[in-house]
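> Data file upload_5.csv (CSV, C-alpha atoms) is appended below.
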chain,number,residue,atom,x,y,z
A,1,MET,CA,-54.4,-77.2,-60.2
A,2,GLN,CA,-54.7,-75.0,-57.1
A,3,ARG,CA,-54.4,-71.3,-57.5
A,4,VAL,CA,-51.5,-69.4,-55.9
A,5,LEU,CA,-53.0,-66.8,-53.6
A,6,GLY,CA,-51.6,-63.3,-52.8
A,7,LEU,CA,-48.0,-62.4,-53.3
A,8,SER,CA,-45.1,-64.0,-51.5
A,9,GLU,CA,-41.5,-62.8,-51.6
A,10,ILE,CA,-38.8,-65.4,-50.8
A,11,ARG,CA,-35.0,-65.0,-50.6
A,12,ILE,CA,-32.7,-68.0,-50.8
A,13,ALA,CA,-29.1,-67.5,-50.0
A,14,GLY,CA,-26.0,-69.4,-49.2
A,15,PHE,CA,-22.6,-70.0,-50.8
A,16,GLY,CA,-21.7,-70.9,-54.4
A,17,GLY,CA,-22.1,-74.7,-55.0
A,18,GLN,CA,-25.0,-75.2,-52.7
A,19,GLY,CA,-27.5,-75.0,-55.5
A,20,VAL,CA,-29.2,-71.8,-54.4
A,21,ILE,CA,-30.4,-71.0,-58.0
A,22,LEU,CA,-31.8,-74.5,-58.6
A,23,ALA,CA,-33.7,-74.4,-55.3
A,24,ALA,CA,-35.2,-71.0,-56.3
A,25,ALA,CA,-36.1,-72.2,-59.8
A,26,VAL,CA,-37.9,-75.2,-58.4
A,27,ILE,CA,-40.0,-73.0,-56.1
A,28,GLY,CA,-40.8,-70.7,-59.0
A,29,LYS,CA,-41.7,-73.5,-61.4
A,30,ALA,CA,-43.9,-75.2,-58.7
A,31,ALA,CA,-46.0,-72.0,-58.5
A,32,ALA,CA,-46.2,-71.2,-62.2
A,33,ILE,CA,-46.1,-74.5,-64.0
A,34,PHE,CA,-47.5,-77.0,-61.5
A,35,GLN,CA,-49.9,-74.7,-59.7
A,36,ASP,CA,-52.0,-71.9,-61.2
A,37,GLY,CA,-49.8,-68.9,-60.5
A,38,HIS,CA,-46.9,-66.7,-61.7
A,39,ALA,CA,-43.4,-66.5,-60.5
A,40,THR,CA,-40.2,-64.6,-61.2
A,41,MET,CA,-36.7,-65.6,-60.1
A,42,THR,CA,-34.0,-62.9,-60.0
A,43,GLN,CA,-30.3,-63.3,-59.3
A,44,SER,CA,-28.0,-60.3,-58.9
A,45,PHE,CA,-24.3,-60.8,-59.7
A,46,GLY,CA,-22.2,-58.2,-58.1
A,47,PRO,CA,-19.0,-57.7,-56.2
A,48,GLU,CA,-20.4,-59.9,-53.3
A,49,ALA,CA,-20.6,-62.9,-55.7
A,50,ARG,CA,-16.8,-62.6,-56.0
A,51,GLY,CA,-16.6,-63.7,-52.4
A,52,GLY,CA,-18.4,-67.0,-53.2
A,53,SER,CA,-21.9,-66.0,-51.9
A,54,SER,CA,-25.0,-66.8,-53.9
A,55,SER,CA,-28.5,-65.4,-53.5
A,56,ALA,CA,-31.7,-65.5,-55.5
A,57,GLN,CA,-35.1,-63.8,-55.1
A,58,VAL,CA,-38.3,-65.5,-55.9
A,59,ILE,CA,-41.7,-63.9,-56.1
A,60,LEU,CA,-44.9,-66.0,-56.2
A,61,SER,CA,-48.2,-64.5,-57.1
A,62,GLY,CA,-51.7,-65.1,-58.3
A,63,GLU,CA,-51.2,-62.3,-60.8
A,64,PRO,CA,-48.5,-61.5,-63.4
A,65,ILE,CA,-45.6,-59.8,-61.5
A,66,LEU,CA,-44.6,-56.3,-62.7
A,67,TYR,CA,-41.7,-55.7,-60.4
A,68,PRO,CA,-39.4,-58.6,-59.6
A,69,TYR,CA,-37.3,-57.1,-56.9
A,70,ILE,CA,-38.0,-57.7,-53.2
A,71,THR,CA,-36.9,-55.5,-50.4
A,72,ARG,CA,-38.3,-57.4,-47.4
A,73,PRO,CA,-38.8,-61.2,-47.9
A,74,ASP,CA,-41.7,-63.0,-46.3
A,75,ILE,CA,-39.6,-66.1,-46.2
A,76,LEU,CA,-35.8,-66.2,-45.9
A,77,VAL,CA,-34.0,-69.5,-46.5
A,78,VAL,CA,-30.3,-69.4,-45.5
A,79,MET,CA,-27.6,-72.0,-45.9
A,80,SER,CA,-24.6,-70.0,-44.6
A,81,GLN,CA,-23.8,-67.9,-41.7
A,82,GLU,CA,-22.9,-65.0,-43.9
A,83,ALA,CA,-26.2,-65.2,-45.7
A,84,TYR,CA,-28.0,-65.2,-42.3
A,85,THR,CA,-26.1,-62.2,-41.1
A,86,ARG,CA,-26.6,-60.2,-44.3
A,87,PHE,CA,-30.3,-60.9,-45.0
A,88,SER,CA,-32.0,-61.7,-41.7
A,89,PRO,CA,-32.5,-58.0,-40.8
A,90,GLU,CA,-34.6,-57.6,-44.0
A,91,LEU,CA,-37.1,-60.3,-43.0
A,92,LYS,CA,-40.7,-59.0,-42.8
A,93,PRO,CA,-42.3,-59.0,-39.3
A,94,GLY,CA,-44.5,-62.1,-39.2
A,95,GLY,CA,-42.1,-63.8,-41.7
A,96,ILE,CA,-40.5,-67.2,-41.7
A,97,LEU,CA,-36.7,-67.9,-41.3
A,98,ILE,CA,-35.5,-71.3,-42.5
A,99,THR,CA,-32.0,-72.3,-41.8
A,100,GLU,CA,-29.6,-75.1,-42.5
A,101,GLN,CA,-29.2,-75.5,-38.8
A,102,GLU,CA,-25.7,-77.0,-38.7
A,103,LEU,CA,-24.3,-74.2,-40.9
A,104,VAL,CA,-26.1,-71.2,-39.3
A,105,ARG,CA,-26.1,-70.1,-35.7
A,106,VAL,CA,-29.2,-68.0,-35.1
A,107,ASP,CA,-28.4,-65.3,-32.5
A,108,SER,CA,-31.7,-63.5,-32.4
A,109,ILE,CA,-35.1,-63.9,-33.9
A,110,PRO,CA,-37.1,-60.7,-34.6
A,111,PRO,CA,-40.5,-60.5,-32.8
A,112,GLY,CA,-43.2,-62.3,-34.7
A,113,VAL,CA,-40.8,-64.2,-36.9
A,114,ARG,CA,-41.0,-68.0,-36.9
A,115,ALA,CA,-37.7,-69.8,-37.3
A,116,TYR,CA,-37.2,-73.4,-38.4
A,117,GLY,CA,-33.9,-75.3,-38.8
A,118,VAL,CA,-33.1,-78.5,-40.7
A,119,PRO,CA,-29.8,-80.4,-40.9
A,120,ALA,CA,-30.1,-80.5,-44.6
A,121,THR,CA,-26.4,-81.2,-45.4
A,122,ARG,CA,-26.5,-84.2,-43.0
A,123,LEU,CA,-29.8,-85.5,-44.4
A,124,ALA,CA,-28.3,-85.2,-48.0
A,125,GLU,CA,-25.2,-87.0,-46.9
A,126,ASP,CA,-27.4,-89.8,-45.5
A,127,LEU,CA,-28.6,-90.2,-49.1
A,128,GLY,CA,-25.0,-90.5,-50.2
A,129,ARG,CA,-24.9,-87.1,-52.1
A,130,LYS,CA,-24.2,-83.9,-50.2
A,131,VAL,CA,-25.0,-82.0,-53.4
A,132,VAL,CA,-28.8,-82.5,-52.9
A,133,LEU,CA,-28.9,-80.4,-49.7
A,134,ASN,CA,-30.6,-77.7,-51.7
A,135,ILE,CA,-33.5,-80.0,-52.5
A,136,VAL,CA,-33.7,-81.2,-48.9
A,137,MET,CA,-34.1,-77.5,-48.1
A,138,VAL,CA,-36.9,-77.2,-50.7
A,139,GLY,CA,-38.7,-80.1,-49.1
A,140,PHE,CA,-38.4,-78.6,-45.7
A,141,PHE,CA,-39.6,-75.3,-47.0
A,142,GLY,CA,-42.6,-77.0,-48.4
A,143,ALA,CA,-43.5,-78.5,-45.1
A,144,VAL,CA,-43.0,-75.5,-42.9
A,145,ALA,CA,-44.0,-72.6,-45.1
A,146,LYS,CA,-47.1,-74.3,-46.5
A,147,LEU,CA,-47.2,-71.9,-49.3
A,148,LEU,CA,-47.3,-74.3,-52.2
A,149,GLU,CA,-48.8,-77.8,-52.8
A,150,PRO,CA,-46.3,-80.5,-51.9
A,151,GLN,CA,-47.2,-82.3,-55.1
A,152,ALA,CA,-46.5,-79.2,-57.2
A,153,LEU,CA,-43.1,-78.8,-55.5
A,154,ARG,CA,-42.3,-82.5,-56.1
A,155,GLN,CA,-43.2,-82.3,-59.8
A,156,ALA,CA,-41.0,-79.1,-60.1
A,157,VAL,CA,-38.1,-81.0,-58.6
A,158,ALA,CA,-38.5,-83.8,-61.1
A,159,ASP,CA,-38.8,-81.3,-63.9
A,160,SER,CA,-35.7,-79.4,-63.0
A,161,VAL,CA,-33.0,-82.1,-62.8
A,162,PRO,CA,-31.7,-84.5,-65.5
A,163,PRO,CA,-33.6,-87.9,-65.7
A,164,ALA,CA,-30.6,-89.8,-64.1
A,165,MET,CA,-30.8,-87.5,-61.0
A,166,GLN,CA,-34.6,-87.5,-60.5
A,167,LYS,CA,-34.8,-90.4,-58.1
A,168,LEU,CA,-32.1,-89.0,-55.8
A,169,ASN,CA,-33.6,-85.6,-55.9
A,170,LEU,CA,-37.1,-86.8,-55.1
A,171,LEU,CA,-35.7,-88.8,-52.2
A,172,ALA,CA,-34.0,-85.6,-51.0
A,173,PHE,CA,-37.2,-83.6,-51.3
A,174,ASP,CA,-39.2,-86.3,-49.4
A,175,LYS,CA,-36.5,-86.4,-46.6
A,176,GLY,CA,-36.7,-82.6,-46.1
A,177,PHE,CA,-40.5,-82.6,-46.3
A,178,GLU,CA,-40.9,-85.4,-43.7
A,179,TYR,CA,-38.4,-83.7,-41.4
A,180,GLY,CA,-40.4,-80.5,-41.6
A,181,SER,CA,-43.8,-82.2,-41.2
A,182,GLU,CA,-42.6,-84.0,-38.1
A,183,LEU,CA,-41.2,-80.8,-36.6
A,184,ILE,CA,-44.5,-79.0,-37.1
A,185,ALA,CA,-46.4,-82.0,-35.7
A,186,ARG,CA,-44.2,-82.1,-32.6
A,187,LYS,CA,-43.8,-78.4,-32.0
A,188,GLY,CA,-46.7,-76.8,-33.7
A,189,LEU,CA,-46.1,-73.5,-35.5
A,190,GLU,CA,-43.8,-72.1,-32.8
A,191,ASN,CA,-40.1,-71.5,-33.3
A,192,SER,CA,-38.1,-74.7,-33.6
A,193,VAL,CA,-34.9,-72.8,-33.5
A,194,GLU,CA,-33.6,-71.4,-30.1
A,195,PRO,CA,-31.5,-68.3,-30.5
A,196,VAL,CA,-27.9,-68.7,-29.2
A,197,LEU,CA,-26.7,-65.7,-27.3
A,198,LEU,CA,-23.3,-64.5,-28.5
A,199,GLU,CA,-20.7,-64.6,-25.8
A,200,SER,CA,-20.1,-60.9,-25.9
A,201,GLU,CA,-23.8,-60.4,-25.0
A,202,ALA,CA,-24.0,-63.1,-22.3
B,203,MET,CA,-10.1,-56.8,-64.9
B,204,GLN,CA,-11.7,-54.7,-67.6
B,205,ARG,CA,-14.6,-52.5,-66.7
B,206,VAL,CA,-18.1,-53.2,-68.2
B,207,LEU,CA,-19.2,-50.1,-69.9
B,208,GLY,CA,-22.7,-48.7,-70.4
B,209,LEU,CA,-25.8,-50.9,-70.0
B,210,SER,CA,-26.7,-53.8,-72.2
B,211,GLU,CA,-29.9,-55.8,-72.2
B,212,ILE,CA,-29.9,-59.3,-73.4
B,213,ARG,CA,-32.6,-61.9,-73.8
B,214,ILE,CA,-31.9,-65.5,-74.3
B,215,ALA,CA,-34.8,-67.8,-75.2
B,216,GLY,CA,-35.5,-71.3,-76.5
B,217,PHE,CA,-37.2,-74.3,-75.2
B,218,GLY,CA,-36.8,-76.2,-71.9
B,219,GLY,CA,-33.8,-78.4,-71.8
B,220,GLN,CA,-31.6,-76.3,-74.0
B,221,GLY,CA,-29.9,-74.7,-71.0
B,222,VAL,CA,-31.2,-71.1,-71.5
B,223,ILE,CA,-30.7,-70.3,-67.8
B,224,LEU,CA,-27.2,-71.6,-67.6
B,225,ALA,CA,-26.2,-69.6,-70.7
B,226,ALA,CA,-27.7,-66.5,-69.1
B,227,ALA,CA,-26.0,-67.1,-65.8
B,228,VAL,CA,-22.6,-67.5,-67.6
B,229,ILE,CA,-23.0,-64.1,-69.3
B,230,GLY,CA,-24.0,-62.5,-66.0
B,231,LYS,CA,-21.1,-64.0,-64.1
B,232,ALA,CA,-18.6,-63.0,-66.8
B,233,ALA,CA,-19.6,-59.4,-66.4
B,234,ALA,CA,-19.9,-59.2,-62.6
B,235,ILE,CA,-17.3,-61.7,-61.4
B,236,PHE,CA,-14.7,-62.0,-64.1
B,237,GLN,CA,-14.9,-58.4,-65.3
B,238,ASP,CA,-15.5,-55.2,-63.3
B,239,GLY,CA,-19.3,-54.9,-63.7
B,240,HIS,CA,-22.7,-55.7,-62.4
B,241,ALA,CA,-25.3,-58.1,-63.8
B,242,THR,CA,-28.8,-59.3,-63.0
B,243,MET,CA,-30.5,-62.4,-64.4
B,244,THR,CA,-34.3,-62.6,-64.3
B,245,GLN,CA,-36.5,-65.5,-65.3
B,246,SER,CA,-40.2,-65.3,-65.4
B,247,PHE,CA,-42.3,-68.4,-65.0
B,248,GLY,CA,-45.8,-68.1,-66.3
B,249,PRO,CA,-48.3,-69.9,-68.4
B,250,GLU,CA,-46.0,-69.8,-71.4
B,251,ALA,CA,-43.5,-72.0,-69.5
B,252,ARG,CA,-46.1,-74.7,-69.4
B,253,GLY,CA,-45.7,-75.0,-73.1
B,254,GLY,CA,-42.0,-75.8,-72.7
B,255,SER,CA,-40.5,-72.5,-73.6
B,256,SER,CA,-37.8,-70.9,-71.6
B,257,SER,CA,-36.5,-67.4,-71.5
B,258,ALA,CA,-34.1,-65.4,-69.4
B,259,GLN,CA,-33.2,-61.7,-69.3
B,260,VAL,CA,-29.7,-60.5,-68.5
B,261,ILE,CA,-28.7,-57.0,-67.8
B,262,LEU,CA,-25.0,-56.0,-67.8
B,263,SER,CA,-23.9,-52.6,-66.5
B,264,GLY,CA,-21.0,-50.7,-65.2
B,265,GLU,CA,-23.2,-49.5,-62.3
B,266,PRO,CA,-25.5,-51.4,-59.9
B,267,ILE,CA,-28.8,-52.3,-61.6
B,268,LEU,CA,-31.9,-50.9,-60.0
B,269,TYR,CA,-34.5,-52.3,-62.4
B,270,PRO,CA,-33.8,-55.7,-63.7
B,271,TYR,CA,-36.6,-56.0,-66.3
B,272,ILE,CA,-35.9,-55.3,-70.0
B,273,THR,CA,-38.5,-54.2,-72.6
B,274,ARG,CA,-36.3,-54.0,-75.7
B,275,PRO,CA,-33.2,-56.1,-75.7
B,276,ASP,CA,-30.0,-54.9,-77.4
B,277,ILE,CA,-29.1,-58.5,-78.1
B,278,LEU,CA,-31.5,-61.4,-78.6
B,279,VAL,CA,-30.3,-64.9,-78.6
B,280,VAL,CA,-32.9,-67.4,-79.8
B,281,MET,CA,-32.7,-71.2,-80.0
B,282,SER,CA,-36.2,-72.0,-81.2
B,283,GLN,CA,-38.6,-70.7,-83.9
B,284,GLU,CA,-41.2,-69.9,-81.2
B,285,ALA,CA,-38.7,-67.8,-79.3
B,286,TYR,CA,-37.7,-66.0,-82.5
B,287,THR,CA,-41.4,-65.2,-83.4
B,288,ARG,CA,-42.2,-64.0,-80.0
B,289,PHE,CA,-39.2,-61.9,-79.1
B,290,SER,CA,-37.7,-60.6,-82.3
B,291,PRO,CA,-40.2,-57.7,-82.7
B,292,GLU,CA,-38.9,-56.4,-79.3
B,293,LEU,CA,-35.3,-56.1,-80.5
B,294,LYS,CA,-33.9,-52.6,-80.3
B,295,PRO,CA,-33.0,-50.8,-83.6
B,296,GLY,CA,-29.3,-51.2,-84.0
B,297,GLY,CA,-29.5,-54.4,-82.0
B,298,ILE,CA,-28.0,-57.9,-82.7
B,299,LEU,CA,-30.0,-61.0,-83.4
B,300,ILE,CA,-28.2,-64.3,-82.7
B,301,THR,CA,-29.9,-67.5,-83.9
B,302,GLU,CA,-29.4,-71.3,-83.7
B,303,GLN,CA,-29.5,-71.3,-87.5
B,304,GLU,CA,-30.8,-74.8,-88.0
B,305,LEU,CA,-33.6,-74.4,-85.5
B,306,VAL,CA,-34.7,-70.8,-86.5
B,307,ARG,CA,-35.8,-69.6,-89.9
B,308,VAL,CA,-35.4,-65.8,-90.0
B,309,ASP,CA,-38.1,-64.3,-92.2
B,310,SER,CA,-37.3,-60.7,-91.8
B,311,ILE,CA,-34.5,-58.6,-90.2
B,312,PRO,CA,-35.6,-55.1,-88.9
B,313,PRO,CA,-33.6,-52.3,-90.4
B,314,GLY,CA,-30.3,-51.6,-88.6
B,315,VAL,CA,-30.4,-55.0,-86.9
B,316,ARG,CA,-27.4,-57.3,-87.5
B,317,ALA,CA,-28.3,-61.0,-87.5
B,318,TYR,CA,-25.8,-63.9,-87.0
B,319,GLY,CA,-26.5,-67.6,-87.1
B,320,VAL,CA,-24.6,-70.6,-85.8
B,321,PRO,CA,-25.3,-74.3,-86.1
B,322,ALA,CA,-24.8,-74.7,-82.4
B,323,THR,CA,-26.7,-78.0,-82.0
B,324,ARG,CA,-24.6,-79.6,-84.8
B,325,LEU,CA,-21.3,-78.2,-83.4
B,326,ALA,CA,-22.3,-79.6,-79.9
B,327,GLU,CA,-23.1,-83.0,-81.5
B,328,ASP,CA,-19.6,-82.9,-83.1
B,329,LEU,CA,-18.3,-82.8,-79.5
B,330,GLY,CA,-20.4,-85.9,-78.7
B,331,ARG,CA,-22.8,-84.0,-76.4
B,332,LYS,CA,-25.8,-82.1,-77.8
B,333,VAL,CA,-26.5,-80.8,-74.3
B,334,VAL,CA,-23.6,-78.2,-74.6
B,335,LEU,CA,-25.3,-76.3,-77.4
B,336,ASN,CA,-26.1,-73.5,-75.0
B,337,ILE,CA,-22.4,-73.0,-74.3
B,338,VAL,CA,-21.6,-73.1,-78.0
B,339,MET,CA,-24.1,-70.2,-78.3
B,340,VAL,CA,-22.3,-68.4,-75.5
B,341,GLY,CA,-19.0,-68.7,-77.3
B,342,PHE,CA,-20.6,-67.5,-80.6
B,343,PHE,CA,-22.3,-64.6,-78.7
B,344,GLY,CA,-18.8,-63.7,-77.3
B,345,ALA,CA,-17.3,-63.5,-80.8
B,346,VAL,CA,-20.1,-61.5,-82.5
B,347,ALA,CA,-21.4,-59.3,-79.8
B,348,LYS,CA,-18.0,-58.3,-78.5
B,349,LEU,CA,-19.5,-57.0,-75.3
B,350,LEU,CA,-17.4,-59.0,-72.8
B,351,GLU,CA,-13.8,-60.2,-72.7
B,352,PRO,CA,-13.6,-63.7,-74.2
B,353,GLN,CA,-11.4,-64.7,-71.2
B,354,ALA,CA,-14.0,-63.5,-68.7
B,355,LEU,CA,-16.7,-65.6,-70.5
B,356,ARG,CA,-14.5,-68.6,-70.6
B,357,GLN,CA,-13.8,-68.3,-66.9
B,358,ALA,CA,-17.5,-68.0,-66.2
B,359,VAL,CA,-18.2,-71.2,-68.2
B,360,ALA,CA,-15.6,-73.1,-66.1
B,361,ASP,CA,-17.1,-71.6,-62.9
B,362,SER,CA,-20.7,-72.6,-63.8
B,363,VAL,CA,-20.4,-76.3,-64.5
B,364,PRO,CA,-19.4,-79.2,-62.3
B,365,PRO,CA,-15.6,-80.0,-62.5
B,366,ALA,CA,-16.2,-83.2,-64.5
B,367,MET,CA,-18.0,-81.2,-67.2
B,368,GLN,CA,-15.5,-78.3,-67.5
B,369,LYS,CA,-13.4,-79.7,-70.3
B,370,LEU,CA,-16.4,-80.4,-72.5
B,371,ASN,CA,-18.0,-77.1,-71.9
B,372,LEU,CA,-14.7,-75.1,-72.5
B,373,LEU,CA,-14.4,-77.0,-75.8
B,374,ALA,CA,-18.0,-76.1,-76.6
B,375,PHE,CA,-17.3,-72.4,-75.8
B,376,ASP,CA,-14.2,-72.4,-78.0
B,377,LYS,CA,-16.0,-74.0,-80.9
B,378,GLY,CA,-18.8,-71.4,-80.8
B,379,PHE,CA,-16.2,-68.6,-80.4
B,380,GLU,CA,-14.1,-69.7,-83.3
B,381,TYR,CA,-17.2,-70.1,-85.5
B,382,GLY,CA,-18.2,-66.6,-84.7
B,383,SER,CA,-14.7,-65.1,-85.2
B,384,GLU,CA,-14.3,-66.7,-88.6
B,385,LEU,CA,-17.7,-65.5,-89.6
B,386,ILE,CA,-16.8,-61.9,-88.7
B,387,ALA,CA,-13.5,-62.2,-90.4
B,388,ARG,CA,-15.1,-63.5,-93.6
B,389,LYS,CA,-18.2,-61.3,-93.7
B,390,GLY,CA,-17.3,-58.3,-91.5
B,391,LEU,CA,-20.0,-56.8,-89.3
B,392,GLU,CA,-22.7,-57.3,-91.9
B,393,ASN,CA,-25.6,-59.7,-91.6
B,394,SER,CA,-24.6,-63.3,-91.9
B,395,VAL,CA,-28.2,-64.5,-91.9
B,396,GLU,CA,-30.2,-64.1,-95.1
B,397,PRO,CA,-33.9,-63.7,-94.4
B,398,VAL,CA,-36.1,-66.4,-95.9
B,399,LEU,CA,-39.3,-65.2,-97.4
B,400,LEU,CA,-42.3,-67.2,-96.3
B,401,GLU,CA,-44.1,-69.0,-99.1
B,402,SER,CA,-47.3,-67.0,-98.5
B,403,GLU,CA,-45.3,-63.8,-99.1
B,404,ALA,CA,-43.3,-65.0,-102.2
Just dump the structure as C-alpha cells.

Amino acid sequence: MQRVLGLSEIRIAGFGGQGVILAAAVIGKAAAIFQDGHATMTQSFGPEARGGSSSAQVILSGEPILYPYITRPDILVVMSQEAYTRFSPELKPGGILITEQELVRVDSIPPGVRAYGVPATRLAEDLGRKVVLNIVMVGFFGAVAKLLEPQALRQAVADSVPPAMQKLNLLAFDKGFEYGSELIARKGLENSVEPVLLESEA
Amino acid sequence: MQRVLGLSEIRIAGFGGQGVILAAAVIGKAAAIFQDGHATMTQSFGPEARGGSSSAQVILSGEPILYPYITRPDILVVMSQEAYTRFSPELKPGGILITEQELVRVDSIPPGVRAYGVPATRLAEDLGRKVVLNIVMVGFFGAVAKLLEPQALRQAVADSVPPAMQKLNLLAFDKGFEYGSELIARKGLENSVEPVLLESEA
C-alpha cells in the first residue's frame, strides 16, 4: 500500500445531483483506506446551497489532518460554470484545473496553472447512465493529477456504491481514466484547455 | 423559515453501509437549506475507516461556521457498539445520547446526559428495507433532540435521495419521528435507556 506524500487540497464543485459528494468521498477513501494516508472531506451547507450548487473539500495527507478547511486548492474540479466562476480565482499557482468541458467555458487560465477538460457527461451518457458523470470525473482526475494510485481510486469507487451499481461505476471510472491518459500521452503535461476570450474582451 | 439558534455539535457514527454520511447530510441540509441557518459536515477517513467504522461530524449554527471540527458533541447518535464505546466519553455534560438500541448496549450514562434508544433497524425492516435505518434514526433524532423543525428535516430527506426512493425514506423518517414523539410523551425528557451493568462489574 503506497504512502500518500505531502498534503494536497482539492475542491470539487458543481450543481446538486451531479454527485459532487460521492466523488469527494471516493478520493478521500482512496487515500485513507486503499493507500497509506489520511483524508478529510468537508461540505459546507449555506445560503449558496439553496441555489442548487454543491461543493466539497478534500484534504489528502501523509499525516493526520488537524485543520480540514482549505483556502487555496491545489486541484479544482468543476462541473458547472458557476462553480468555475466562483472557485477558480482561489486555485493555487502551479495548481491543476479540471473541468467538465461541455459544461464549463474557461475564459482565462492563471499563470502556472494546468487546465484539463473532459466531456464527462457525454462519456457517462455513452454508458447509458448520465448519473455516473461524477465517477468519470474521478477517473479523469486520477489520470491527470497523478496524486493517487489508479488501483486505490478504483477500489474506492467499488467500495462507495451499492453492489448492483459497481460494474457501471467501474466502467465510468475506466472511461474517464483512459480519456485522461490519452490526453496526457498526446499533449504531455501542457494545458489541454484553450481559454475562450469573452466577447466583451475580444 | 425558522432561524437556527446557537451552535450545536453532532456526531453520527456506526459502521460502513449504515448510511452515516447521508444521515449527517440530511441534518446539515435541514438547517442550512430548509431552515435559516448554516451547517458543515466533516468526515475523516483514517486508519479506523479500514476497520469498517464510519463517523461524521455536523455543526449547525445561526452564523457561518469558521471551524468545522468538534471535540465534544452536544448530541451523539450511535449505530454500533464500537461507535458507542469510542465516542460516548466525548459527549458534553447535559448532552443527548441517541442509540440504535438493538445494536448498542449502554453500560453507563454520564451525569446530566439524556439517553434515548430506538430499534431503528427493526423499524426499517418493517418497511421492507433495512437500508433506511439511517433515516429512521434521523426521524427519531428530530423528535427527541428538538433542534430542528420536523418539516425542515422531512424536506431535507426528500431532497437527499433519488426520486424513486423518496416515498420509502419519508415513511422511514415518519416512523422514527413517531417512535421518538411517543417515547417523549410517555417518559418525558428523562432517560429512556437503562444502563446495563457489565457482568464483570455486577
> Counting all atoms listed in the file, write as a list in words all protein and nucleic acid residues lying at most 10 Å from (-48.9, -63.7, -60.4) in the file's frame.
Arg3, Val4, Leu5, Gly6, Leu7, Ser8, Ala31, Ala32, Asp36, Gly37, His38, Ala39, Thr40, Ile59, Leu60, Ser61, Gly62, Glu63, Pro64, Ile65 and Leu66 of chain A; Phe247 and Gly248 of chain B
> Mind checking which residues fall within 9 Å of stretch 306-314 of chain B, counting only C-alpha atoms, ignoring those fewer than 4 positions away in the same chain, and posting them as an NGL selection string?
:B and (280-287 or 290-291 or 293 or 295-299 or 301-302 or 319 or 395-400)
> Keeping only C-alpha atoms, write those residues as an mmCIF file, in the frame of the given file.

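Contents of part.cif, freshly written:
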data_model
loop_
_atom_site.group_PDB
_atom_site.id
_atom_site.type_symbol
_atom_site.label_atom_id
_atom_site.label_comp_id
_atom_site.auth_asym_id
_atom_site.auth_seq_id
_atom_site.Cartn_x
_atom_site.Cartn_y
_atom_site.Cartn_z
ATOM 1 C CA VAL B 280 -32.900 -67.400 -79.800
ATOM 2 C CA MET B 281 -32.700 -71.200 -80.000
ATOM 3 C CA SER B 282 -36.200 -72.000 -81.200
ATOM 4 C CA GLN B 283 -38.600 -70.700 -83.900
ATOM 5 C CA GLU B 284 -41.200 -69.900 -81.200
ATOM 6 C CA ALA B 285 -38.700 -67.800 -79.300
ATOM 7 C CA TYR B 286 -37.700 -66.000 -82.500
ATOM 8 C CA THR B 287 -41.400 -65.200 -83.400
ATOM 9 C CA SER B 290 -37.700 -60.600 -82.300
ATOM 10 C CA PRO B 291 -40.200 -57.700 -82.700
ATOM 11 C CA LEU B 293 -35.300 -56.100 -80.500
ATOM 12 C CA PRO B 295 -33.000 -50.800 -83.600
ATOM 13 C CA GLY B 296 -29.300 -51.200 -84.000
ATOM 14 C CA GLY B 297 -29.500 -54.400 -82.000
ATOM 15 C CA ILE B 298 -28.000 -57.900 -82.700
ATOM 16 C CA LEU B 299 -30.000 -61.000 -83.400
ATOM 17 C CA THR B 301 -29.900 -67.500 -83.900
ATOM 18 C CA GLU B 302 -29.400 -71.300 -83.700
ATOM 19 C CA GLY B 319 -26.500 -67.600 -87.100
ATOM 20 C CA VAL B 395 -28.200 -64.500 -91.900
ATOM 21 C CA GLU B 396 -30.200 -64.100 -95.100
ATOM 22 C CA PRO B 397 -33.900 -63.700 -94.400
ATOM 23 C CA VAL B 398 -36.100 -66.400 -95.900
ATOM 24 C CA LEU B 399 -39.300 -65.200 -97.400
ATOM 25 C CA LEU B 400 -42.300 -67.200 -96.300
#
> Which is closer to chain A than all the others in B:Leu372, B:Leu350, B:Ala226, B:Ile386, using only C-alpha atoms?
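Nearest to chain A: B:Ala226.
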> Might you pull out every residue within 12 Å of A:Gln166, with only C-alpha atoms counted and same-chain residues fewer than 4 positions away left off, and present them as a ChimeraX atom specification?
/A:132,135,154-162,170-173
> Figure out the distance between atom CA of B:Ala326 and atom CA of B:Leu305, please, to one decimal in Å.
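Between atom CA of B:Leu305 and atom CA of B:Ala326 the gap is 13.6 Å.
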> Hey, which of B:Gln237, B:Thr273, B:Asn336, B:Gln303 ends up closest to B:Gly219? Count only C-alpha atoms.
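Ranked by minimum distance to B:Gly219, first place goes to B:Asn336.
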> Between atom CA of A:Lys175 and atom CA of A:Gly28, measure the distance and give it in Å to one decimal.
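According to the coordinates, atom CA of A:Lys175 and atom CA of A:Gly28 are separated by 20.5 Å.
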> Restricting the calculation to all atoms listed in the file: of A:Pro73, A:Gln43, A:Lys92, A:Gln18, which residue gets closest to A:Ala120?
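Nearest to A:Ala120: A:Gln18.
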> Would you mind listing what lies within 9 Å of A:Phe34 as number ranges by chain, with all atoms listed in the file counted and same-chain residues fewer than 6 positions away left out?
A: 1-2, 149, 151-153, 155-156; B: 252
> Go ahead and save the picked residues with C-alpha atoms, as a short mmCIF file (atom, residue, chain, number, x, y, z; two decimals), in the frame of the given file.

data_model
loop_
_atom_site.label_atom_id
_atom_site.label_comp_id
_atom_site.auth_asym_id
_atom_site.auth_seq_id
_atom_site.Cartn_x
_atom_site.Cartn_y
_atom_site.Cartn_z
CA MET A 1 -54.40 -77.20 -60.20
CA GLN A 2 -54.70 -75.00 -57.10
CA GLU A 149 -48.80 -77.80 -52.80
CA GLN A 151 -47.20 -82.30 -55.10
CA ALA A 152 -46.50 -79.20 -57.20
CA LEU A 153 -43.10 -78.80 -55.50
CA GLN A 155 -43.20 -82.30 -59.80
CA ALA A 156 -41.00 -79.10 -60.10
CA ARG B 252 -46.10 -74.70 -69.40
#
> Identify which of the residues B:Val333, B:Ala347, B:Ala366, B:Leu385 lies closest to chain A, counting only C-alpha atoms when measuring atom-to-atom distances.
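Of B:Val333, B:Ala347, B:Ala366, B:Leu385, the one nearest chain A is B:Val333, counting only C-alpha atoms.
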> Between B:Thr323, B:Ser255, B:Ser246, B:Asn393, which one has atoms that come closest to chain A, using only C-alpha atoms?
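Ranked by minimum distance to chain A, first place goes to B:Ser246.
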> As an exercise, work out the distance from atom CA of A:Leu189 to atom CA of A:Ser54 in Å and give it to one decimal place.
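A separation of 28.8 Å between them.
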